[in-house]
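Asks: Before I ask anything, here is the structure I am working with.
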Amino acid sequence: ENTMEDIRCLQCGNSENIIPTANITTSAASSTFDDLDEPPKRRIRCGACGKEGHNRSNATESNCPAYFDENEIERREIQKMKKKEALERERKKMAELKREEETDEKSYADWLKQTEELKKKISKSAEYRKGELKRIEKKVQRMEKRQNMDEGL
(Lines give C-alpha, C1' and ligand atoms only; values in the text may rest on other atoms or scores of the structure.)
Protein backbone atom coordinates (compact mmCIF):
# COMPACT_ATOMS: atom_id res chain seq x y z
CA GLU A 1 0.00 0.00 0.00
CA ASN A 2 1.11 3.56 -0.72
CA THR A 3 0.97 6.13 2.05
CA MET A 4 0.77 9.90 1.84
CA GLU A 5 4.58 10.15 1.91
CA ASP A 6 4.80 8.04 -1.28
CA ILE A 7 2.47 10.32 -3.25
CA ARG A 8 4.22 13.10 -5.16
CA CYS A 9 3.11 16.01 -7.33
CA LEU A 10 3.02 15.01 -10.99
CA GLN A 11 4.34 18.42 -12.07
CA CYS A 12 7.24 19.09 -9.66
CA GLY A 13 7.71 15.70 -7.98
CA ASN A 14 7.48 17.22 -4.49
CA SER A 15 5.36 15.43 -1.88
CA GLU A 16 4.76 18.71 -0.01
CA ASN A 17 2.66 20.13 -2.85
CA ILE A 18 -0.04 17.50 -2.42
CA ILE A 19 -3.06 18.58 -0.40
CA PRO A 20 -3.62 15.85 2.19
CA THR A 21 -7.08 14.42 2.66
CA ALA A 22 -8.24 12.14 5.42
CA ASN A 23 -6.73 8.64 5.33
CA ILE A 24 -5.67 8.44 1.68
CA THR A 25 -4.17 5.11 0.78
CA THR A 26 -3.80 3.56 -2.62
CA SER A 27 -2.73 0.17 -3.77
CA ALA A 28 -1.70 -1.20 -7.13
CA ALA A 29 -4.94 -3.16 -7.36
CA SER A 30 -7.20 -0.19 -6.72
CA SER A 31 -5.37 2.02 -9.24
CA THR A 32 -6.37 -0.10 -12.23
CA PHE A 33 -9.48 0.46 -14.29
CA ASP A 34 -10.74 -3.08 -13.78
CA ASP A 35 -12.99 -1.97 -10.94
CA LEU A 36 -14.85 0.59 -13.04
CA ASP A 37 -18.30 -0.34 -14.23
CA GLU A 38 -18.70 -0.55 -17.99
CA PRO A 39 -21.18 1.95 -19.37
CA PRO A 40 -24.54 0.37 -20.00
CA LYS A 41 -25.02 -0.80 -23.56
CA ARG A 42 -27.48 1.23 -25.56
CA ARG A 43 -30.69 -0.50 -26.30
CA ILE A 44 -32.02 0.03 -29.75
CA ARG A 45 -35.62 1.10 -29.99
CA CYS A 46 -37.80 1.27 -33.08
CA GLY A 47 -38.99 4.74 -34.00
CA ALA A 48 -42.08 3.32 -35.66
CA CYS A 49 -43.49 0.96 -33.03
CA GLY A 50 -41.44 1.89 -29.95
CA LYS A 51 -40.37 -1.67 -29.17
CA GLU A 52 -36.81 -2.54 -28.17
CA GLY A 53 -34.59 -4.92 -30.12
CA HIS A 54 -34.83 -3.39 -33.57
CA ASN A 55 -34.95 -0.02 -35.25
CA ARG A 56 -36.59 1.28 -38.37
CA SER A 57 -33.64 0.43 -40.60
CA ASN A 58 -33.51 -3.24 -39.64
CA ALA A 59 -37.21 -3.78 -38.92
CA THR A 60 -38.93 -6.71 -40.59
CA GLU A 61 -42.51 -7.82 -40.76
CA SER A 62 -41.79 -10.46 -38.11
CA ASN A 63 -40.27 -8.13 -35.46
CA CYS A 64 -42.11 -4.84 -35.99
CA PRO A 65 -45.90 -4.50 -35.72
CA ALA A 66 -45.73 -1.14 -37.54
CA TYR A 67 -43.87 -2.60 -40.54
CA PHE A 68 -46.96 -2.50 -42.77
CA ASP A 69 -48.18 0.85 -41.47
CA GLU A 70 -48.93 3.25 -44.35
CA ASN A 71 -46.47 5.85 -43.05
CA GLU A 72 -43.70 3.27 -42.73
CA ILE A 73 -44.34 1.88 -46.19
CA GLU A 74 -44.27 5.41 -47.61
CA ARG A 75 -41.10 6.21 -45.64
CA ARG A 76 -39.35 3.10 -47.01
CA GLU A 77 -40.48 3.97 -50.55
CA ILE A 78 -39.15 7.50 -50.17
CA GLN A 79 -35.84 6.10 -48.88
CA LYS A 80 -35.65 3.71 -51.82
CA MET A 81 -36.36 6.56 -54.22
CA LYS A 82 -33.71 8.77 -52.57
CA LYS A 83 -31.16 5.95 -52.72
CA LYS A 84 -32.03 5.35 -56.37
CA GLU A 85 -31.63 9.07 -57.14
CA ALA A 86 -28.34 9.19 -55.26
CA LEU A 87 -27.10 6.18 -57.21
CA GLU A 88 -28.14 7.81 -60.47
CA ARG A 89 -26.33 11.05 -59.50
CA GLU A 90 -23.18 9.09 -58.75
CA ARG A 91 -23.46 7.22 -62.06
CA LYS A 92 -23.79 10.56 -63.86
CA LYS A 93 -20.73 11.90 -62.03
CA MET A 94 -18.84 8.77 -62.97
CA ALA A 95 -19.88 9.06 -66.63
CA GLU A 96 -18.91 12.75 -66.68
CA LEU A 97 -15.51 11.96 -65.18
CA LYS A 98 -14.98 9.23 -67.78
CA ARG A 99 -15.92 11.69 -70.56
CA GLU A 100 -13.51 14.24 -69.12
CA GLU A 101 -10.79 11.62 -68.95
CA GLU A 102 -11.39 10.61 -72.57
CA THR A 103 -11.40 14.27 -73.62
CA ASP A 104 -8.15 14.87 -71.75
CA GLU A 105 -6.55 11.83 -73.36
CA LYS A 106 -7.70 12.96 -76.81
CA SER A 107 -6.48 16.51 -76.14
CA TYR A 108 -3.13 15.17 -75.03
CA ALA A 109 -2.85 12.98 -78.12
CA ASP A 110 -3.77 15.98 -80.30
CA TRP A 111 -1.20 18.10 -78.49
CA LEU A 112 1.48 15.48 -79.05
CA LYS A 113 0.58 15.28 -82.74
CA GLN A 114 0.68 19.09 -83.10
CA THR A 115 4.00 19.19 -81.26
CA GLU A 116 5.47 16.62 -83.64
CA GLU A 117 4.14 18.55 -86.63
CA LEU A 118 5.61 21.76 -85.23
CA LYS A 119 8.97 20.05 -84.73
CA LYS A 120 8.90 18.90 -88.37
CA LYS A 121 8.02 22.41 -89.57
CA ILE A 122 10.78 23.95 -87.45
CA SER A 123 13.26 21.38 -88.77
CA LYS A 124 12.21 22.05 -92.39
CA SER A 125 12.42 25.78 -91.76
CA ALA A 126 15.92 25.40 -90.31
CA GLU A 127 16.99 23.30 -93.31
CA TYR A 128 15.54 25.90 -95.69
CA ARG A 129 17.38 28.72 -93.88
CA LYS A 130 20.66 26.79 -94.02
CA GLY A 131 20.23 26.18 -97.75
CA GLU A 132 19.18 29.79 -98.36
CA LEU A 133 22.13 31.04 -96.30
CA LYS A 134 24.57 28.94 -98.37
CA ARG A 135 22.98 30.14 -101.62
CA ILE A 136 23.15 33.79 -100.56
CA GLU A 137 26.75 33.41 -99.31
CA LYS A 138 27.78 32.02 -102.70
CA LYS A 139 25.91 34.82 -104.47
CA VAL A 140 27.61 37.44 -102.26
CA GLN A 141 31.02 35.83 -102.98
CA ARG A 142 30.34 35.91 -106.72
CA MET A 143 29.17 39.52 -106.53
CA GLU A 144 32.27 40.52 -104.49
CA LYS A 145 34.51 38.68 -106.93
CA ARG A 146 32.93 40.51 -109.90
CA GLN A 147 33.18 43.82 -108.11
CA ASN A 148 36.85 43.18 -107.34
CA MET A 149 37.42 42.26 -111.00
CA ASP A 150 35.62 45.38 -112.20
CA GLU A 151 37.67 47.56 -109.85
CA GLY A 152 40.90 45.88 -110.90
CA LEU A 153 40.46 46.70 -114.57
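In the C-alpha coordinates, chains take the letters A, B, ... in the order shown, each chain's residues start at 1, and ligands count up from 1 in the order shown.
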I want to know what sits within 6 Å of Cys46 (chain A), based on only C-alpha atoms, with residues of the same chain fewer than 6 positions away left out; could you give that as a ChimeraX atom specification?

Replies: /A:54-56

Asks: Pick out each residue of region 52-100 of chain A that DSSP on the backbone tags as helix (DSSP H, G or I); I need them as a ChimeraX atom specification.

Replies: /A:56-58,70-100
